[in-house]
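Q: Got work_25.txt for you, compact mmCIF, N, CA and C atoms:
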# COMPACT_ATOMS: atom_id res chain seq x y z
N MET K 1 0.85 -1.18 0.00
CA MET K 1 0.00 0.00 0.00
C MET K 1 0.89 1.24 0.00
N GLN K 2 0.52 2.19 -0.80
CA GLN K 2 1.30 3.41 -0.92
C GLN K 2 1.09 4.30 0.30
N GLU K 3 2.18 4.85 0.83
CA GLU K 3 2.08 5.77 1.96
C GLU K 3 1.94 7.18 1.41
N TRP K 4 1.14 8.00 2.09
CA TRP K 4 0.91 9.36 1.65
C TRP K 4 1.54 10.31 2.63
N ASN K 5 2.22 11.30 2.11
CA ASN K 5 2.80 12.35 2.92
C ASN K 5 1.66 13.28 3.35
N ALA K 6 1.55 13.52 4.65
CA ALA K 6 0.45 14.33 5.18
C ALA K 6 0.46 15.74 4.62
N SER K 7 1.59 16.21 4.14
CA SER K 7 1.65 17.58 3.61
C SER K 7 1.14 17.66 2.18
N LYS K 8 0.96 16.52 1.52
CA LYS K 8 0.46 16.52 0.15
C LYS K 8 -1.06 16.52 0.14
N VAL K 9 -1.61 17.12 -0.88
CA VAL K 9 -3.04 17.06 -1.09
C VAL K 9 -3.31 15.76 -1.83
N VAL K 10 -4.22 14.96 -1.29
CA VAL K 10 -4.51 13.66 -1.89
C VAL K 10 -5.87 13.72 -2.55
N PRO K 11 -5.91 13.46 -3.85
CA PRO K 11 -7.20 13.48 -4.53
C PRO K 11 -8.13 12.42 -3.93
N ALA K 12 -9.42 12.76 -3.82
CA ALA K 12 -10.38 11.85 -3.18
C ALA K 12 -10.43 10.50 -3.87
N MET K 13 -10.27 10.45 -5.16
CA MET K 13 -10.37 9.20 -5.90
C MET K 13 -9.09 8.37 -5.84
N ALA K 14 -8.03 8.88 -5.24
CA ALA K 14 -6.75 8.17 -5.22
C ALA K 14 -6.84 6.84 -4.48
N PHE K 15 -7.72 6.72 -3.52
CA PHE K 15 -7.81 5.51 -2.72
C PHE K 15 -8.68 4.42 -3.34
N LEU K 16 -9.39 4.74 -4.40
CA LEU K 16 -10.36 3.79 -4.94
C LEU K 16 -9.75 2.52 -5.50
N THR K 17 -8.48 2.48 -5.71
CA THR K 17 -7.86 1.28 -6.26
C THR K 17 -6.99 0.56 -5.23
N ASN K 18 -7.09 0.93 -3.96
CA ASN K 18 -6.18 0.33 -2.98
C ASN K 18 -6.74 -0.92 -2.32
N GLY K 19 -7.93 -1.36 -2.68
CA GLY K 19 -8.50 -2.56 -2.10
C GLY K 19 -9.17 -2.33 -0.76
N ILE K 20 -9.10 -1.13 -0.23
CA ILE K 20 -9.73 -0.83 1.04
C ILE K 20 -11.00 0.00 0.81
N VAL K 21 -10.90 0.97 -0.04
CA VAL K 21 -12.05 1.85 -0.32
C VAL K 21 -12.50 1.59 -1.76
N ARG K 22 -13.79 1.42 -1.93
CA ARG K 22 -14.35 1.20 -3.26
C ARG K 22 -15.30 2.35 -3.59
N GLY K 23 -15.33 2.73 -4.84
CA GLY K 23 -16.21 3.80 -5.27
C GLY K 23 -17.68 3.51 -5.04
N ASP K 24 -18.07 2.24 -5.14
CA ASP K 24 -19.48 1.90 -4.98
C ASP K 24 -19.88 1.61 -3.54
N ARG K 25 -18.90 1.43 -2.63
CA ARG K 25 -19.23 1.05 -1.25
C ARG K 25 -18.52 1.88 -0.20
N GLY K 26 -17.61 2.75 -0.58
CA GLY K 26 -16.85 3.50 0.41
C GLY K 26 -16.01 2.56 1.25
N PHE K 27 -16.06 2.70 2.57
CA PHE K 27 -15.28 1.85 3.47
C PHE K 27 -16.01 0.55 3.84
N LEU K 28 -17.23 0.34 3.37
CA LEU K 28 -17.95 -0.89 3.69
C LEU K 28 -17.21 -2.07 3.06
N PRO K 29 -17.10 -3.17 3.79
CA PRO K 29 -16.39 -4.32 3.25
C PRO K 29 -17.12 -4.95 2.07
N TYR K 30 -16.35 -5.57 1.21
CA TYR K 30 -16.91 -6.31 0.08
C TYR K 30 -16.24 -7.67 0.02
N PRO K 31 -16.99 -8.73 -0.07
CA PRO K 31 -18.44 -8.77 -0.04
C PRO K 31 -18.97 -8.51 1.37
N ASP K 32 -20.30 -8.39 1.47
CA ASP K 32 -20.90 -8.18 2.79
C ASP K 32 -20.47 -9.30 3.73
N PRO K 33 -20.20 -8.95 4.99
CA PRO K 33 -19.84 -10.00 5.95
C PRO K 33 -21.04 -10.90 6.24
N LEU K 34 -20.76 -12.09 6.74
CA LEU K 34 -21.84 -13.00 7.13
C LEU K 34 -22.68 -12.35 8.23
N ASP K 35 -23.99 -12.48 8.12
CA ASP K 35 -24.85 -11.94 9.18
C ASP K 35 -25.25 -13.01 10.18
N ARG K 36 -24.90 -14.26 9.90
CA ARG K 36 -25.11 -15.36 10.83
C ARG K 36 -24.34 -16.57 10.31
N PHE K 37 -24.14 -17.53 11.20
CA PHE K 37 -23.49 -18.77 10.79
C PHE K 37 -24.50 -19.63 10.04
N PRO K 38 -24.00 -20.50 9.14
CA PRO K 38 -24.92 -21.37 8.38
C PRO K 38 -25.73 -22.28 9.30
N ASP K 39 -26.93 -22.64 8.87
CA ASP K 39 -27.77 -23.57 9.62
C ASP K 39 -26.99 -24.85 9.89
N GLY K 40 -27.11 -25.34 11.10
CA GLY K 40 -26.44 -26.58 11.47
C GLY K 40 -25.02 -26.40 11.99
N SER K 41 -24.48 -25.20 11.89
CA SER K 41 -23.12 -24.94 12.37
C SER K 41 -23.10 -24.94 13.89
N GLU K 42 -22.08 -25.57 14.46
CA GLU K 42 -21.95 -25.54 15.92
C GLU K 42 -21.71 -24.13 16.43
N PHE K 43 -21.31 -23.22 15.55
CA PHE K 43 -21.04 -21.84 15.92
C PHE K 43 -22.30 -20.99 16.00
N GLN K 44 -23.45 -21.56 15.68
CA GLN K 44 -24.71 -20.82 15.83
C GLN K 44 -24.93 -20.41 17.28
N VAL K 45 -24.31 -21.11 18.21
CA VAL K 45 -24.43 -20.74 19.62
C VAL K 45 -23.90 -19.32 19.84
N TYR K 46 -22.90 -18.91 19.05
CA TYR K 46 -22.40 -17.54 19.14
C TYR K 46 -23.47 -16.54 18.68
N ASP K 47 -24.17 -16.87 17.59
CA ASP K 47 -25.24 -15.99 17.11
C ASP K 47 -26.35 -15.87 18.16
N GLU K 48 -26.71 -17.00 18.75
CA GLU K 48 -27.77 -17.01 19.77
C GLU K 48 -27.36 -16.18 20.98
N PHE K 49 -26.10 -16.32 21.39
CA PHE K 49 -25.62 -15.55 22.54
C PHE K 49 -25.57 -14.06 22.21
N ALA K 50 -25.16 -13.74 21.00
CA ALA K 50 -25.12 -12.34 20.58
C ALA K 50 -26.51 -11.71 20.63
N ASN K 51 -27.53 -12.49 20.33
CA ASN K 51 -28.90 -11.98 20.37
C ASN K 51 -29.38 -11.66 21.78
N VAL K 52 -28.89 -12.39 22.79
CA VAL K 52 -29.32 -12.13 24.16
C VAL K 52 -28.36 -11.21 24.92
N LEU K 53 -27.23 -10.90 24.30
CA LEU K 53 -26.22 -10.08 24.97
C LEU K 53 -26.76 -8.74 25.49
N PRO K 54 -27.53 -7.99 24.73
CA PRO K 54 -28.05 -6.72 25.28
C PRO K 54 -28.88 -6.93 26.55
N SER K 55 -29.67 -7.98 26.60
CA SER K 55 -30.46 -8.26 27.80
C SER K 55 -29.57 -8.58 28.98
N LEU K 56 -28.52 -9.36 28.75
CA LEU K 56 -27.60 -9.70 29.84
C LEU K 56 -26.96 -8.45 30.43
N LEU K 57 -26.67 -7.50 29.56
CA LEU K 57 -25.98 -6.29 30.02
C LEU K 57 -26.91 -5.27 30.66
N TYR K 58 -28.12 -5.14 30.14
CA TYR K 58 -28.95 -4.00 30.53
C TYR K 58 -30.28 -4.34 31.18
N ASP K 59 -30.72 -5.59 31.13
CA ASP K 59 -31.99 -5.95 31.73
C ASP K 59 -31.85 -5.97 33.25
N GLU K 60 -32.62 -5.14 33.91
CA GLU K 60 -32.53 -5.03 35.37
C GLU K 60 -33.02 -6.29 36.08
N ASP K 61 -33.78 -7.14 35.38
CA ASP K 61 -34.27 -8.38 35.99
C ASP K 61 -33.24 -9.50 35.96
N ILE K 62 -32.13 -9.28 35.26
CA ILE K 62 -31.07 -10.29 35.20
C ILE K 62 -29.94 -9.80 36.10
N SER K 63 -29.65 -10.57 37.13
CA SER K 63 -28.60 -10.17 38.07
C SER K 63 -27.22 -10.26 37.42
N TYR K 64 -26.29 -9.55 38.02
CA TYR K 64 -24.90 -9.59 37.56
C TYR K 64 -24.37 -11.03 37.61
N ALA K 65 -24.67 -11.74 38.70
CA ALA K 65 -24.20 -13.13 38.84
C ALA K 65 -24.77 -14.02 37.75
N ALA K 66 -26.05 -13.85 37.43
CA ALA K 66 -26.69 -14.66 36.39
C ALA K 66 -26.11 -14.32 35.02
N ALA K 67 -25.88 -13.05 34.77
CA ALA K 67 -25.29 -12.63 33.49
C ALA K 67 -23.88 -13.20 33.35
N LYS K 68 -23.10 -13.09 34.42
CA LYS K 68 -21.73 -13.61 34.40
C LYS K 68 -21.74 -15.12 34.17
N ALA K 69 -22.65 -15.82 34.81
CA ALA K 69 -22.77 -17.27 34.64
C ALA K 69 -23.09 -17.63 33.19
N ALA K 70 -23.92 -16.82 32.53
CA ALA K 70 -24.28 -17.09 31.14
C ALA K 70 -23.04 -17.06 30.24
N PHE K 71 -22.12 -16.14 30.50
CA PHE K 71 -20.88 -16.09 29.73
C PHE K 71 -20.07 -17.37 29.95
N HIS K 72 -20.02 -17.84 31.18
CA HIS K 72 -19.23 -19.03 31.50
C HIS K 72 -19.82 -20.30 30.90
N GLU K 73 -21.09 -20.26 30.51
CA GLU K 73 -21.74 -21.43 29.93
C GLU K 73 -21.46 -21.59 28.44
N LEU K 74 -20.91 -20.56 27.80
CA LEU K 74 -20.57 -20.69 26.38
C LEU K 74 -19.56 -21.82 26.20
N PRO K 75 -19.75 -22.68 25.21
CA PRO K 75 -18.79 -23.76 25.00
C PRO K 75 -17.50 -23.24 24.36
N VAL K 76 -16.42 -23.96 24.60
CA VAL K 76 -15.17 -23.67 23.89
C VAL K 76 -15.29 -24.35 22.54
N LEU K 77 -15.33 -23.56 21.49
CA LEU K 77 -15.50 -24.10 20.14
C LEU K 77 -14.18 -24.08 19.39
N PRO K 78 -14.02 -24.98 18.42
CA PRO K 78 -12.77 -25.07 17.66
C PRO K 78 -12.66 -23.97 16.60
N ILE K 79 -12.53 -22.75 17.07
CA ILE K 79 -12.51 -21.58 16.19
C ILE K 79 -11.35 -21.65 15.19
N GLU K 80 -10.28 -22.36 15.56
CA GLU K 80 -9.11 -22.47 14.68
C GLU K 80 -9.42 -23.26 13.41
N LYS K 81 -10.53 -23.98 13.37
CA LYS K 81 -10.91 -24.74 12.19
C LYS K 81 -11.62 -23.88 11.15
N LEU K 82 -12.07 -22.71 11.54
CA LEU K 82 -12.80 -21.84 10.63
C LEU K 82 -11.85 -21.14 9.67
N THR K 83 -12.40 -20.74 8.54
CA THR K 83 -11.65 -19.96 7.55
C THR K 83 -12.57 -18.88 6.99
N GLY K 84 -11.97 -17.96 6.26
CA GLY K 84 -12.73 -16.96 5.53
C GLY K 84 -13.71 -16.17 6.37
N GLN K 85 -14.90 -15.97 5.81
CA GLN K 85 -15.89 -15.13 6.46
C GLN K 85 -16.42 -15.73 7.76
N GLU K 86 -16.41 -17.07 7.86
CA GLU K 86 -16.84 -17.67 9.12
C GLU K 86 -15.86 -17.36 10.24
N LEU K 87 -14.56 -17.38 9.94
CA LEU K 87 -13.55 -17.02 10.93
C LEU K 87 -13.71 -15.56 11.33
N THR K 88 -13.91 -14.70 10.36
CA THR K 88 -14.09 -13.28 10.64
C THR K 88 -15.32 -13.05 11.52
N ARG K 89 -16.41 -13.73 11.24
CA ARG K 89 -17.62 -13.58 12.04
C ARG K 89 -17.38 -14.06 13.48
N ALA K 90 -16.77 -15.23 13.63
CA ALA K 90 -16.50 -15.75 14.97
C ALA K 90 -15.58 -14.81 15.74
N TYR K 91 -14.55 -14.29 15.07
CA TYR K 91 -13.61 -13.36 15.71
C TYR K 91 -14.35 -12.12 16.20
N ARG K 92 -15.21 -11.59 15.36
CA ARG K 92 -15.96 -10.37 15.71
C ARG K 92 -16.89 -10.65 16.89
N GLU K 93 -17.62 -11.76 16.85
CA GLU K 93 -18.56 -12.06 17.92
C GLU K 93 -17.83 -12.31 19.24
N VAL K 94 -16.78 -13.11 19.21
CA VAL K 94 -16.04 -13.38 20.45
C VAL K 94 -15.42 -12.09 20.98
N GLY K 95 -14.98 -11.21 20.09
CA GLY K 95 -14.46 -9.91 20.51
C GLY K 95 -15.50 -9.11 21.26
N PHE K 96 -16.75 -9.12 20.76
CA PHE K 96 -17.84 -8.45 21.47
C PHE K 96 -18.06 -9.09 22.84
N PHE K 97 -18.02 -10.43 22.88
CA PHE K 97 -18.26 -11.14 24.14
C PHE K 97 -17.19 -10.79 25.17
N VAL K 98 -15.93 -10.78 24.74
CA VAL K 98 -14.82 -10.45 25.64
C VAL K 98 -14.99 -9.04 26.19
N SER K 99 -15.28 -8.10 25.30
CA SER K 99 -15.45 -6.72 25.72
C SER K 99 -16.65 -6.58 26.66
N ALA K 100 -17.75 -7.23 26.32
CA ALA K 100 -18.94 -7.16 27.17
C ALA K 100 -18.68 -7.77 28.53
N TYR K 101 -17.97 -8.88 28.56
CA TYR K 101 -17.66 -9.53 29.84
C TYR K 101 -16.81 -8.60 30.71
N ALA K 102 -15.80 -8.01 30.09
CA ALA K 102 -14.88 -7.15 30.85
C ALA K 102 -15.59 -5.94 31.44
N TRP K 103 -16.55 -5.37 30.72
CA TRP K 103 -17.20 -4.14 31.15
C TRP K 103 -18.62 -4.33 31.66
N MET K 104 -19.06 -5.58 31.81
CA MET K 104 -20.44 -5.86 32.18
C MET K 104 -20.84 -5.23 33.51
N LYS K 105 -19.98 -5.29 34.49
CA LYS K 105 -20.32 -4.72 35.80
C LYS K 105 -20.55 -3.21 35.68
N CYS K 106 -19.75 -2.57 34.87
CA CYS K 106 -19.91 -1.12 34.66
C CYS K 106 -21.23 -0.82 33.95
N ALA K 107 -21.61 -1.68 33.00
CA ALA K 107 -22.85 -1.46 32.26
C ALA K 107 -24.07 -1.69 33.14
N LYS K 108 -24.00 -2.68 34.03
CA LYS K 108 -25.16 -3.03 34.86
C LYS K 108 -25.32 -2.09 36.05
N PHE K 109 -24.22 -1.55 36.55
CA PHE K 109 -24.31 -0.76 37.78
C PHE K 109 -23.86 0.68 37.58
N ASP K 110 -22.58 0.87 37.46
CA ASP K 110 -22.04 2.23 37.41
C ASP K 110 -20.78 2.20 36.56
N ILE K 111 -20.67 3.14 35.70
CA ILE K 111 -19.51 3.19 34.80
C ILE K 111 -18.21 3.25 35.58
N HIS K 112 -18.26 3.70 36.82
CA HIS K 112 -17.05 3.83 37.62
C HIS K 112 -16.70 2.55 38.40
N ASP K 113 -17.57 1.54 38.33
CA ASP K 113 -17.24 0.26 38.96
C ASP K 113 -16.02 -0.35 38.28
N PRO K 114 -15.23 -1.10 39.02
CA PRO K 114 -14.06 -1.72 38.40
C PRO K 114 -14.49 -2.78 37.38
N HIS K 115 -13.75 -2.85 36.29
CA HIS K 115 -14.06 -3.84 35.26
C HIS K 115 -13.35 -5.15 35.58
N GLU K 116 -13.80 -6.21 34.92
CA GLU K 116 -13.16 -7.52 35.08
C GLU K 116 -11.74 -7.44 34.51
N THR K 117 -10.82 -8.08 35.16
CA THR K 117 -9.44 -8.09 34.67
C THR K 117 -9.00 -9.48 34.22
N VAL K 118 -9.85 -10.47 34.43
CA VAL K 118 -9.55 -11.84 34.00
C VAL K 118 -10.70 -12.31 33.11
N ILE K 119 -10.35 -12.79 31.95
CA ILE K 119 -11.34 -13.27 30.99
C ILE K 119 -11.41 -14.79 31.12
N PRO K 120 -12.61 -15.38 31.15
CA PRO K 120 -12.69 -16.83 31.29
C PRO K 120 -12.11 -17.56 30.07
N GLU K 121 -11.64 -18.76 30.32
CA GLU K 121 -10.97 -19.56 29.31
C GLU K 121 -11.83 -19.75 28.05
N ASN K 122 -13.14 -19.93 28.23
CA ASN K 122 -14.00 -20.19 27.08
C ASN K 122 -14.15 -18.98 26.15
N LEU K 123 -13.72 -17.81 26.61
CA LEU K 123 -13.67 -16.62 25.75
C LEU K 123 -12.24 -16.32 25.33
N ALA K 124 -11.32 -16.46 26.27
CA ALA K 124 -9.92 -16.10 26.00
C ALA K 124 -9.28 -16.99 24.95
N LEU K 125 -9.50 -18.30 25.04
CA LEU K 125 -8.88 -19.21 24.07
C LEU K 125 -9.35 -18.97 22.64
N PRO K 126 -10.67 -18.91 22.39
CA PRO K 126 -11.09 -18.62 21.02
C PRO K 126 -10.58 -17.27 20.52
N MET K 127 -10.55 -16.26 21.39
CA MET K 127 -10.06 -14.94 20.98
C MET K 127 -8.59 -15.03 20.58
N TRP K 128 -7.80 -15.74 21.38
CA TRP K 128 -6.38 -15.87 21.10
C TRP K 128 -6.15 -16.67 19.82
N LYS K 129 -6.86 -17.80 19.68
CA LYS K 129 -6.68 -18.66 18.50
C LYS K 129 -7.10 -17.94 17.22
N ALA K 130 -8.23 -17.24 17.26
CA ALA K 130 -8.68 -16.51 16.07
C ALA K 130 -7.73 -15.37 15.74
N SER K 131 -7.27 -14.67 16.76
CA SER K 131 -6.32 -13.56 16.52
C SER K 131 -5.05 -14.08 15.88
N LYS K 132 -4.55 -15.17 16.39
CA LYS K 132 -3.32 -15.76 15.86
C LYS K 132 -3.52 -16.18 14.41
N LYS K 133 -4.63 -16.85 14.13
CA LYS K 133 -4.90 -17.34 12.77
C LYS K 133 -5.08 -16.18 11.80
N MET K 134 -5.67 -15.08 12.27
CA MET K 134 -5.92 -13.93 11.40
C MET K 134 -4.74 -12.97 11.33
N GLY K 135 -3.71 -13.22 12.13
CA GLY K 135 -2.55 -12.33 12.12
C GLY K 135 -2.76 -11.03 12.87
N VAL K 136 -3.69 -11.02 13.81
CA VAL K 136 -3.95 -9.83 14.61
C VAL K 136 -3.00 -9.85 15.79
N ARG K 137 -2.08 -8.92 15.83
CA ARG K 137 -1.05 -8.91 16.87
C ARG K 137 -1.57 -8.45 18.22
N TYR K 138 -2.49 -7.50 18.21
CA TYR K 138 -2.98 -6.93 19.45
C TYR K 138 -4.50 -6.96 19.46
N PRO K 139 -5.10 -8.11 19.82
CA PRO K 139 -6.57 -8.12 19.87
C PRO K 139 -7.05 -7.19 20.99
N ILE K 140 -8.33 -7.02 21.06
CA ILE K 140 -8.92 -6.08 22.01
C ILE K 140 -8.37 -6.23 23.41
As structure tokens - that is how I would like this structure written.
A:
Amino acid sequence: MQEWNASKVVPAMAFLTNGIVRGDRGFLPYPDPLDRFPDGSEFQVYDEFANVLPSLLYDEDISYAAAKAAFHELPVLPIEKLTGQELTRAYREVGFFVSAYAWMKCAKFDIHDPHETVIPENLALPMWKASKKMGVRYPI
């Protein structure tokens, strides 16, 4: 990828051929990312958990302990077997889960509450394996 000197004026269309920005989609990825895992995939549990995640974080009827327990119930899945868009989807979802777990206490109670500093194995391992496979040096 060509580096641009900040002091130069860069024509708006200059980036359209760099594989990152497209004239018809701007910064939106192409092709569209998967919006769910295929039917029958063992990874559908991630989609199901993602659907209930807002309730776990913000529903006042769900206690912090119950929400935390729900995270611990997620199975450790063989994320390293995934490729392409399925790997990207799993990486994105697990990244949301890790972030939500770390900040859940702050979301449920007070932003100034201390956040979690230890991530459970069933989230940490898939995050690490997917990051390694995708070449992400510094995951969330």
Q: Segment 83-99 of chain K: which residues within 7 Å, counting only C-alpha atoms, same-chain residues fewer than 2 positions away excluded, as a VMD selection string?
A: chain K and resid 33 to 34 37 46 81 101 to 103 119 123 127 130 140
Q: Tell me, as a PyMOL selection string, which residues lie within 6 Å of Asn122 of chain K, counting all atoms listed in the file; anything in the same chain fewer than 6 positions away does not count.
A: chain K and resi 74-76
Q: For segment 51-68 of chain K, find every residue with an atom within 7 Å (counting all atoms listed in the file), except residues of its own chain fewer than 2 positions away, and show them as a short mmCIF file (atom, residue, chain, number, x, y, z; two decimals) with N, CA and C atoms, in the frame of the given file.
A:
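The result, stored in around_13.cif:
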data_model
loop_
_atom_site.label_atom_id
_atom_site.label_comp_id
_atom_site.auth_asym_id
_atom_site.auth_seq_id
_atom_site.Cartn_x
_atom_site.Cartn_y
_atom_site.Cartn_z
N TYR K 46 -22.90 -18.91 19.05
CA TYR K 46 -22.40 -17.54 19.14
C TYR K 46 -23.47 -16.54 18.68
N ASP K 47 -24.17 -16.87 17.59
CA ASP K 47 -25.24 -15.99 17.11
C ASP K 47 -26.35 -15.87 18.16
N GLU K 48 -26.71 -17.00 18.75
CA GLU K 48 -27.77 -17.01 19.77
C GLU K 48 -27.36 -16.18 20.98
N PHE K 49 -26.10 -16.32 21.39
CA PHE K 49 -25.62 -15.55 22.54
C PHE K 49 -25.57 -14.06 22.21
N ALA K 70 -23.92 -16.82 32.53
CA ALA K 70 -24.28 -17.09 31.14
C ALA K 70 -23.04 -17.06 30.24
N PHE K 71 -22.12 -16.14 30.50
CA PHE K 71 -20.88 -16.09 29.73
C PHE K 71 -20.07 -17.37 29.95
N HIS K 72 -20.02 -17.84 31.18
CA HIS K 72 -19.23 -19.03 31.50
C HIS K 72 -19.82 -20.30 30.90
N GLU K 73 -21.09 -20.26 30.51
CA GLU K 73 -21.74 -21.43 29.93
C GLU K 73 -21.46 -21.59 28.44
N MET K 104 -19.06 -5.58 31.81
CA MET K 104 -20.44 -5.86 32.18
C MET K 104 -20.84 -5.23 33.51
N LYS K 105 -19.98 -5.29 34.49
CA LYS K 105 -20.32 -4.72 35.80
C LYS K 105 -20.55 -3.21 35.68
N ALA K 107 -21.61 -1.68 33.00
CA ALA K 107 -22.85 -1.46 32.26
C ALA K 107 -24.07 -1.69 33.14
N LYS K 108 -24.00 -2.68 34.03
CA LYS K 108 -25.16 -3.03 34.86
C LYS K 108 -25.32 -2.09 36.05
#
Q: Would you return as a PyMOL selection string the members of chain K that DSSP assigns to alpha helix (DSSP H) on this structure's backbone?
A: chain K and resi 44-58+64-72+84-108+121-134
Q: Using Å and a single decimal, report how far atom CA of Met134 of chain K sits from atom CA of Tyr30 of chain K.
A: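 Computing the Euclidean distance for atom CA of Tyr30 of chain K and atom CA of Met134 of chain K yields 17.5 Å.
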Q: Quick one: pull the distance between atom C of Glu80 of chain K and atom CA of Lys129 of chain K, Å, one decimal.
A: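 Computing the Euclidean distance for atom C of Glu80 of chain K and atom CA of Lys129 of chain K yields 7.4 Å.
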